[in-house]
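**Q** Sharing a structure, written as structure tokens. Questions coming.
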Amino acid sequence: MAKPAALSEERTVPPTEPERVPGPVLKRLAGPTAWADERTGAAGLGKYFLRKVFPDHWSFLLGEIALYSFIILLLTGVFLTLWYKPSMAEIEYEGSYQLLRGVAVSEAFASTLDISFDIRGGLLMRQVHHWSAMLFVAAMFAHMLRVFFTGAFRKPREINWVIGVALLSLGLIEGFAGYSLPDDLLSGTGLRFVDGLIRSIPVIGTWAEFFVFNGEFPGDLIISRLYMAHILLIPGILLGLIAAHMALLVYHKHTQYPGPGRTDKNVVGYPLYPIYMAKAGGFFFIVFGVTVLMGATMQINPLWTYGPYNPSQVTAGSQPDWYMGWVEGAIRIMPGWEWHIGGTTWSWNIFLPGVGLLTLLFVLLGVYPWVEAWLTGDKREHHVLERPRANATRTAFGVAGIVCFSLFMIGGGNDIIAVMFNLSLNTISVVLRWAVFIGPVLAFIITKRICIALQRTDQERLLHGSESGVIQRSPVGGYSEDHRPISQGEAYTLTHHNEYPSLPEEGVSKRQLQARRWFYGDNMSKPTRAELEAAAHHGHDGHDGDGHDGDGNGHEVAGRESRELTSSRD
Amino acid sequence: MKFLSSRRRHRAVRPLLLVAALFLTGALYTVAVPDERSSADAGTSTQVEEGRALFAVNCSSCHGLNGEGSSEGPSLVGVGAASVDFQVETGRMPLAAPVEQAPQKENIYSREEIDAMAAYVASLGPGPEIPTEAQYDPEGLTAEQIAEGGELFRTNCSACHNFAGSGGALPNGKYAPALEGVTPKHIWEALRTGPQQMPVFSEEVITDENVRMMIAYLQSLEEEPTGGLTLGGLGPVSEGLWAWIVGIGGLCLFAVWIASKGARK
Amino acid sequence: MSHTGGSDISVRDTRTSAGTTRSDDERFPVDNPGVEHEPPRWTDADPDAGRSAYTFVVGCFALVPVLAIAFVVIYFAVPENVFIDVGSNHYMAQHLLLGLTLGLAILLVGVGAVQWARLLMDDTERTEERHTAASSAETRTAAIDIVYQGLQETNLGRRKLIGRSLLGALGILVAPAAVLLADLGPWPTARVRAETIERTIWGEGVRLVNDVTYEPILAADMEIGQLVNAEPENLQEFHGHHLQVERAKAAIIVVRMDPNSITIPESRSSWHVNGILSYSKICTHVGCPISLWEQQTHHLLCPCHQSTFDLGNSGVVVFGPAARSLPQLPISTDAEGYLIATSDFPVPVGPSYFERDSRNDYEDGDA
């Protein structure tokens, strides 16, 4: 949120545009510009794009982390393909890592070891690639949460939200495919798990398994098939979707947080050229630099200690990369439900938490903008973001989702947690079986109440100003604190959020009405102009602190003018 | 004396007294039978007698007066000297309190006392002896053998003790301990005797040479260079955590800095 | 909360009966004060601050070539087998130094550029008007008209079959595309399944051998509490991916328990040798190999998803997501006293699949 700083009394005059006297640089550019423009019409594009305004806020850079990570992944990935061999053929390892020499390994595994130990800078690039993949997905999640909690997915951005959900789901698959390529013990165990997951699909499971693995697990083709998916198919789709994501972003212009001067009809910020080019371009190098430093100093996926994949070996702490950890957790805490009907087996214990939960998450995410639009009946365009507190139910939904996700994640690491904190593995699992249902409900209720409490705080600031910290004693001995009116900028910011259409409307069914009441009936209404004026007037009169506690029409005026702090309270 | 009297009801008094009593017992025996003490050879009859006395004081309350076992502890008939050596020298026995799994702690017995108890337990029934250095010392193996030791380790050990020997979880609060810093002798003894929930890996099935290969692999693993901080050697769970903390956390700090306005007048 | 409950909504509505058509005046009770203009930055106001910012930016960029050259030098000069010891970690010097120089060099480009934008570029905030996402009504009508007109020009209205046949033609093209994928793998018909996922290379007389060393196992060598990770002797005949495929099904664990402390059902009384029992190592949940055996409780824990099986009770599930007990391999001894299998597993090993007939699996309490 743009900080509602106090406005200076006299408005400074905005600086006028500098006069356009072509300097030596412009003169020198004139030739090439004309050449390019005559062939591409680039000047028109430049005129439109170069001064495009982007609002400035740190949370708007989360998506950029994901975008830049993708570019880093392309760069380092191309490097890795120069040596990596996507082959499951068995060879004897003869590279320079002593502890595996003479061991029968696949060519994929051996070439990954070669990259790590026999190609200078290879280990660095491998680790940068892997860290970058972790950050790519993490940044997508973080970006999605920002978009969700600020309501940036609302009209007209629903399509871009859906593209984002597609990017996220593809990102998970892309990451998993890459994780499997080295053919080490951990990734092989992961593939074994995927084999079980595919098998569990009712009716077509065995067919899907045989088609994916070219027969029985592990077969001889899965690595080369995953390689194709990892370096061609999925990145290609990702690239296309990212392009569409960015194009829509440019077309819609970026959302902005509420603040003085910000409305749904404008965008306030810095121009693309030069400030954003320097800031966003600089941020690319910062993301890249940080990832390289992580690759240099933090070991990731030390596959030489995992050893080559061997279906009769396993290691304690077999886990997927973090972004699949919640599925892993769901599968761990699931009770062993299976149907045996006639000669068939229905593996709900794998299908529901595996395939089912993955589908559920992405379907829920995908349809959410329409669910909310239906709940609120809101058909307007929105470009100013909502503060999370202003939409208590949505925020509560989001937090409940995060809590549920985190509980599943804990399930995915329950063995590590059991050892670290001296807990019983079994107890963690049993508790989590209940917690994944109860936790989100509690989180929902608590978050909603916190949001509404924060709305009240805002309301109080609007009507009674901010606490000055000055305690006064009245002649009769009571103590009270002075309040100062807040600036117009802040008042504007605090009252800019959306008020949903009033009820009832024509053409709204009873069910819809109930849904709306549930969704935003508990939100505080903004004070009206008259109330603000009355409060301002009242504030000057003194501190008699009378009947503002609710006027019976939902306009709760929380608290009193000044909090009584006398010792006789309570 | 005021110092002592004021603390006689302290929580630590009982265990301390117990420890003191144990020391005293040990010391008494040292004084009582000084001659044969120097001979480290297992199984002399005096050593067995000393062992029996030590056993009666330190172990019999759970394992029974003659090592026959009780509801509190298993029978020690046939567990062998190696078992006593492992359990006592790693501080797992005697137990300080009844727990799911005996934790590793400071050993409070002298070499001679352990030998005496081991000799006594060995006299109850045949079992693995305390190994000689040649049985567990990993020196002198070829690189190929060490690599094969890795295969053996991943087949037999990593399921519980993790690929890097960092340990792992067992059901109901039990755990497979980390192997870092465990001496080769104790690894040998643990394999042969199957302490607590650990299965036995007998000499006929996993030969001494195999054990030496696995020990050599583990030692080499500890000395191997790393591609940076190992983050606990726990695999993807800790990696994911660090990706969020260092990666997303650090980049968010940069993002806040980028979006902040420069210092104003 | 009492004043904000849902029941109050209808009361509140009397205030704004205009519904969605409320004016901006009503929606936004506070007037827009306009974009605030910040006071000038120190770097603008104070020439010294400006100069030091300038120095900082140039300094960042100037360090980059130094680091880049260092990177090149390290690449050629630092051998791969030099290590830097910090605590108990041995860092590969080349890797670490390459990473540090490259990472810092890249980072400094970014830091310099950002600082340039933050402190030295004109940072007046600008306001740009937005358009609505939708086109104007006229444009939309015009576009629909064009589409309609084009449709007229195609004469599809009169010659409907063109459109339908084209759609049909395009639709049927999916069939060749799909059928091309039919050879992605062998078809798991009942016959193929019986030869693949429903059998292993175990059979009558196949010796149990130690995994890795392929040493056969003497029944007399097995102690109570012993665990052996074993394979069939004939696994050595396989190589490459065939080896992996067979190993993924045939791996077993052999354990010996005190026969008095375990339950052996009547039907399996001949499947063990003095308390030596053999079970599939492949979890019935998703197929991880399991060997995490507690010799005192006889429980076997899968490290992947913590399914726990009781090997003292025919491998039934006692905890976790697995639904079926672990298949037991019937074993005996040969003339020399070595452990051998007496048949293949009686049921398919590994994770469930749809066509699996799971009625024959052992369930707790079966005879």
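Each chain in the structure tokens gets a letter, A, B, ..., in the order shown, and its residues are numbered from 1; ligands are numbered from 1 in order too.
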What residues in chain A lie within 6 Å of chain B, counting only C-alpha atoms, written as a ChimeraX atom specification?
**A** /A:56-58,99-100,297-299,306,313-316,321-322,415,419,423-426
**Q** Tell me, as a ChimeraX atom specification, which residues lie within 9 Å of segment 194-202 of chain C, counting only C-alpha atoms; anything in the same chain fewer than 6 positions away does not count.
**A** /A:215-217 /C:188,232-235,246-247,249-250,329,341-345,347-350,356
**Q** I need the residues in segment 327-383 of chain A that are alpha helix (DSSP H) according to DSSP; give them as JSON, numbers by chain.
**A** {"A": [327, 328, 329, 330, 331, 332, 333, 348, 349, 350, 351, 357, 358, 359, 360, 361, 362, 363, 364, 365, 366, 367, 368, 369, 370, 371, 372, 373, 374, 375, 376]}
**Q** From the options B:Thr44, B:Ser110, B:Thr90, B:Gln197, which residue's atoms come nearest to chain C, counting only C-alpha atoms?
**A**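 Looking at the shortest contact to chain C, the residue is B:Gln197.
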**Q** Sort by chain and increasing residue number a table of all residues of chain C within 9 Å of chain B, each with its closest pair of atoms and their distance in Å to one decimal, counting only C-alpha atoms, and write it as a tab-separated table.
**A**
residue	atom	partner	partner_atom	distance
C:Glu38	CA	B:Arg264	CA	8.0
C:Pro39	CA	B:Lys265	CA	6.3
C:Pro40	CA	B:Arg264	CA	6.0
C:Arg41	CA	B:Arg264	CA	4.2
C:Trp42	CA	B:Arg264	CA	5.2
C:Thr43	CA	B:Ala263	CA	7.8
C:Asp44	CA	B:Lys265	CA	8.9
C:Ala45	CA	B:Lys265	CA	7.1
C:Asp46	CA	B:Lys265	CA	8.7
C:Phe83	CA	B:Pro225	CA	7.1
C:Ile84	CA	B:Pro225	CA	8.8
C:Asp85	CA	B:Pro225	CA	8.9
C:Ser88	CA	B:Glu222	CA	8.4
C:Asn89	CA	B:Thr226	CA	6.8
C:His90	CA	B:Pro225	CA	4.5
C:Tyr91	CA	B:Thr226	CA	5.3
C:Met92	CA	B:Pro225	CA	5.9
C:His95	CA	B:Gly227	CA	7.1
C:Leu96	CA	B:Gly228	CA	7.3
C:Val114	CA	B:Ile258	CA	6.5
C:Gln115	CA	B:Ile258	CA	8.0
C:Ala117	CA	B:Ile258	CA	8.9
C:Arg118	CA	B:Gly262	CA	6.0
C:Leu119	CA	B:Gly262	CA	5.9
C:Asp123	CA	B:Lys261	CA	8.8
C:Asn210	CA	B:Val205	CA	7.4
C:Asp211	CA	B:Thr155	CA	7.3
C:Val212	CA	B:Leu152	CA	6.4
C:Thr213	CA	B:Leu152	CA	8.4
C:Glu215	CA	B:Val205	CA	7.8
C:Pro216	CA	B:Val205	CA	8.5
C:Ile217	CA	B:Val205	CA	6.8
C:Leu218	CA	B:Glu204	CA	8.4
C:Asp221	CA	B:Glu204	CA	6.0
C:Met222	CA	B:Ser202	CA	7.3
C:Glu223	CA	B:Ser202	CA	7.1
C:Ile224	CA	B:Val200	CA	7.8
C:Gly225	CA	B:Pro199	CA	5.3
C:Gln226	CA	B:Val200	CA	4.1
C:Leu227	CA	B:Pro199	CA	5.6
C:Val228	CA	B:Phe201	CA	7.2
C:Asn229	CA	B:Asn156	CA	6.6
C:Val255	CA	B:Pro199	CA	8.6
C:Pro289	CA	B:Ala159	CA	8.6
C:Ile290	CA	B:Ala159	CA	7.3
C:Ser291	CA	B:Ala159	CA	6.4
C:Leu292	CA	B:Cys160	CA	5.7
C:Trp293	CA	B:Pro199	CA	6.7
C:Glu294	CA	B:Gln197	CA	4.5
C:Gln295	CA	B:Gln197	CA	5.0
C:Gln296	CA	B:Gln197	CA	5.6
C:Thr297	CA	B:Gln197	CA	7.6
C:His298	CA	B:Gln197	CA	8.7
C:His299	CA	B:Pro171	CA	8.6
C:Leu301	CA	B:Leu170	CA	7.2
C:Cys302	CA	B:Ala159	CA	8.4
C:Pro303	CA	B:Ala159	CA	6.6
C:Gln306	CA	B:Pro171	CA	8.1
C:Thr308	CA	B:Pro171	CA	8.2
**Q** For Gly413 of chain A, which residue out of A:Thr427, A:Ser169, A:Ser318, A:Thr112 is the nearest one, using only C-alpha atoms?
**A**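 Closest to Gly413 of chain A, using only C-alpha atoms: A:Ser318.
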**Q** Skipping near chain neighbours, those fewer than 3 positions away, what residues fall within 12 Å of Ala182 of chain C using only C-alpha atoms, listed as a PyMOL selection string?
**A** (chain A and resi 207-208+210-212+214) or (chain C and resi 175-179+185-188)
**Q** So, with only C-alpha atoms as the atoms that count, which of A:Phe405, A:Phe148, A:Phe54, A:Tyr93 lies closest to chain C?
**A**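 Among A:Phe405, A:Phe148, A:Phe54, A:Tyr93, it is A:Phe54 that comes nearest to chain C.
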**Q** Which residue gives the smallest distance to chain C among A:Leu26, A:Leu462, A:Leu364, A:Leu45, with only C-alpha atoms counted?
**A**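 Among the listed residues, the smallest separation from chain C belongs to A:Leu462.
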**Q** From the DSSP assignment of the backbone, select every residue of segment 239-379 of chain A that is strand (DSSP E or B), and format the answer as a PyMOL selection string.
**A** chain A and resi 256+266-271+298+308+339-341+344-346
**Q** Generate the output file for the selected residues, N, CA, C and O atoms, as a PDB file, in the first residue's frame.
**A**
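Writing done, so here's result-v4.pdb:
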ATOM      1  N   GLN A 256      -2.743  -1.025  -8.783  1.00  0.00           N
ATOM      2  CA  GLN A 256      -2.005  -0.220  -7.806  1.00  0.00           C
ATOM      3  C   GLN A 256      -2.717  -0.270  -6.465  1.00  0.00           C
ATOM      4  O   GLN A 256      -3.913  -0.536  -6.391  1.00  0.00           O
ATOM      5  N   ASN A 266      -6.796   5.556 -13.274  1.00  0.00           N
ATOM      6  CA  ASN A 266      -5.426   5.966 -13.611  1.00  0.00           C
ATOM      7  C   ASN A 266      -4.416   4.978 -13.040  1.00  0.00           C
ATOM      8  O   ASN A 266      -4.787   4.015 -12.366  1.00  0.00           O
ATOM      9  N   VAL A 267      -3.167   5.175 -13.375  1.00  0.00           N
ATOM     10  CA  VAL A 267      -2.102   4.404 -12.748  1.00  0.00           C
ATOM     11  C   VAL A 267      -0.972   5.375 -12.443  1.00  0.00           C
ATOM     12  O   VAL A 267      -0.579   6.179 -13.295  1.00  0.00           O
ATOM     13  N   VAL A 268      -0.512   5.345 -11.187  1.00  0.00           N
ATOM     14  CA  VAL A 268       0.507   6.292 -10.740  1.00  0.00           C
ATOM     15  C   VAL A 268       1.793   5.529 -10.459  1.00  0.00           C
ATOM     16  O   VAL A 268       1.767   4.514  -9.766  1.00  0.00           O
ATOM     17  N   GLY A 269       2.892   5.993 -11.015  1.00  0.00           N
ATOM     18  CA  GLY A 269       4.154   5.299 -10.774  1.00  0.00           C
ATOM     19  C   GLY A 269       5.262   5.892 -11.609  1.00  0.00           C
ATOM     20  O   GLY A 269       5.218   7.061 -11.982  1.00  0.00           O
ATOM     21  N   TYR A 270       6.230   5.037 -11.926  1.00  0.00           N
ATOM     22  CA  TYR A 270       7.388   5.501 -12.672  1.00  0.00           C
ATOM     23  C   TYR A 270       7.342   4.958 -14.089  1.00  0.00           C
ATOM     24  O   TYR A 270       6.834   3.860 -14.323  1.00  0.00           O
ATOM     25  N   PRO A 271       7.875   5.708 -15.027  1.00  0.00           N
ATOM     26  CA  PRO A 271       7.848   5.255 -16.414  1.00  0.00           C
ATOM     27  C   PRO A 271       8.791   4.066 -16.626  1.00  0.00           C
ATOM     28  O   PRO A 271       9.803   3.940 -15.944  1.00  0.00           O
ATOM     29  N   MET A 298      25.624 -22.973  -1.043  1.00  0.00           N
ATOM     30  CA  MET A 298      24.690 -23.917  -0.425  1.00  0.00           C
ATOM     31  C   MET A 298      24.527 -25.133  -1.324  1.00  0.00           C
ATOM     32  O   MET A 298      24.055 -25.030  -2.447  1.00  0.00           O
ATOM     33  N   PRO A 308      23.387 -44.025  -7.388  1.00  0.00           N
ATOM     34  CA  PRO A 308      22.526 -44.252  -8.550  1.00  0.00           C
ATOM     35  C   PRO A 308      21.221 -44.898  -8.137  1.00  0.00           C
ATOM     36  O   PRO A 308      21.138 -45.498  -7.066  1.00  0.00           O
ATOM     37  N   TRP A 339     -10.719 -50.297  -2.157  1.00  0.00           N
ATOM     38  CA  TRP A 339     -11.854 -51.187  -2.424  1.00  0.00           C
ATOM     39  C   TRP A 339     -11.359 -52.373  -3.212  1.00  0.00           C
ATOM     40  O   TRP A 339     -10.580 -52.210  -4.156  1.00  0.00           O
ATOM     41  N   HIS A 340     -11.851 -53.525  -2.847  1.00  0.00           N
ATOM     42  CA  HIS A 340     -11.593 -54.702  -3.660  1.00  0.00           C
ATOM     43  C   HIS A 340     -12.944 -55.216  -4.136  1.00  0.00           C
ATOM     44  O   HIS A 340     -13.665 -55.859  -3.388  1.00  0.00           O
ATOM     45  N   ILE A 341     -13.293 -54.863  -5.358  1.00  0.00           N
ATOM     46  CA  ILE A 341     -14.593 -55.264  -5.894  1.00  0.00           C
ATOM     47  C   ILE A 341     -14.353 -56.284  -6.999  1.00  0.00           C
ATOM     48  O   ILE A 341     -13.722 -55.955  -8.010  1.00  0.00           O
ATOM     49  N   THR A 344     -11.160 -56.413  -9.126  1.00  0.00           N
ATOM     50  CA  THR A 344     -10.541 -55.102  -9.337  1.00  0.00           C
ATOM     51  C   THR A 344     -10.144 -54.468  -8.008  1.00  0.00           C
ATOM     52  O   THR A 344     -10.663 -54.808  -6.960  1.00  0.00           O
ATOM     53  N   THR A 345      -9.216 -53.525  -8.096  1.00  0.00           N
ATOM     54  CA  THR A 345      -8.716 -52.830  -6.911  1.00  0.00           C
ATOM     55  C   THR A 345      -8.821 -51.333  -7.144  1.00  0.00           C
ATOM     56  O   THR A 345      -8.362 -50.831  -8.173  1.00  0.00           O
ATOM     57  N   TRP A 346      -9.434 -50.644  -6.216  1.00  0.00           N
ATOM     58  CA  TRP A 346      -9.600 -49.188  -6.329  1.00  0.00           C
ATOM     59  C   TRP A 346      -8.784 -48.534  -5.216  1.00  0.00           C
ATOM     60  O   TRP A 346      -9.187 -48.553  -4.070  1.00  0.00           O
TER      61      TRP A 346
END
**Q** Select, from B:Ser75, B:Asn107, B:Ser61, B:Ser83, the residue with the minimum atom-to-atom distance to Phe23 of chain B, counting only C-alpha atoms.
**A**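 Closest residue, counting only C-alpha atoms: B:Asn107.
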**Q** Rounded to one decimal, what separation in Å do you get between atom CA of Pro335 of chain A and atom CA of Pro321 of chain C?
**A**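 Going from atom CA of Pro335 of chain A over to atom CA of Pro321 of chain C covers 4.8 Å.
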**Q** So that I can check the surroundings of segment 105-107 of chain A, please list as a ChimeraX atom specification every protein, DNA and RNA residue that reaches within 10 Å of it, counting only C-alpha atoms and ignoring chain neighbours fewer than 2 positions away.
**A** /A:84-93,100-103,109-113,182-184,307-310 /C:240-241
**Q** Restricting the calculation to only C-alpha atoms, which member of C:Gly163, C:Pro79, C:Gly337, C:Gly168 is positioned closest to chain A?
**A**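 For chain A, the nearest of the candidates is C:Pro79.
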**Q** What does the distance between atom CA of Thr393 of chain A and atom CA of Ala515 of chain A come to in Å, to one decimal place?
**A**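 These atoms are spaced 11.5 Å apart.
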**Q** Considering only C-alpha atoms, return as a list in words whatever protein or nucleic-acid residues lie within 12 Å of Asn58 of chain B, sequence-local ones (same chain, fewer than 5 positions apart) excluded.
**A**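 Here the qualifying residues turn out to be Leu18, Val19, Ala21, Leu22, Phe23, Thr25, Gly26, Gly51, Arg52, Ala53, His63, Gly64, Leu65, Gly67, Val88, Met93, Pro94, Leu95, Ala96, Ile108, Tyr109, Glu113, Ile114 and Met117 of chain B.
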**Q** For a test of reading the model, state the distance in Å between atom CA of Thr132 of chain C and atom CA of Lys155 of chain A, rounded to one decimal.
**A** 10.4 Å
**Q** List the spatial neighbours of Val79 of chain B as a VMD selection string - criterion: any atom at most 9 Å away, only C-alpha atoms, same-chain residues fewer than 4 positions off excluded.
**A** chain B and resid 75 83 to 84 121 to 122 124 to 128 193
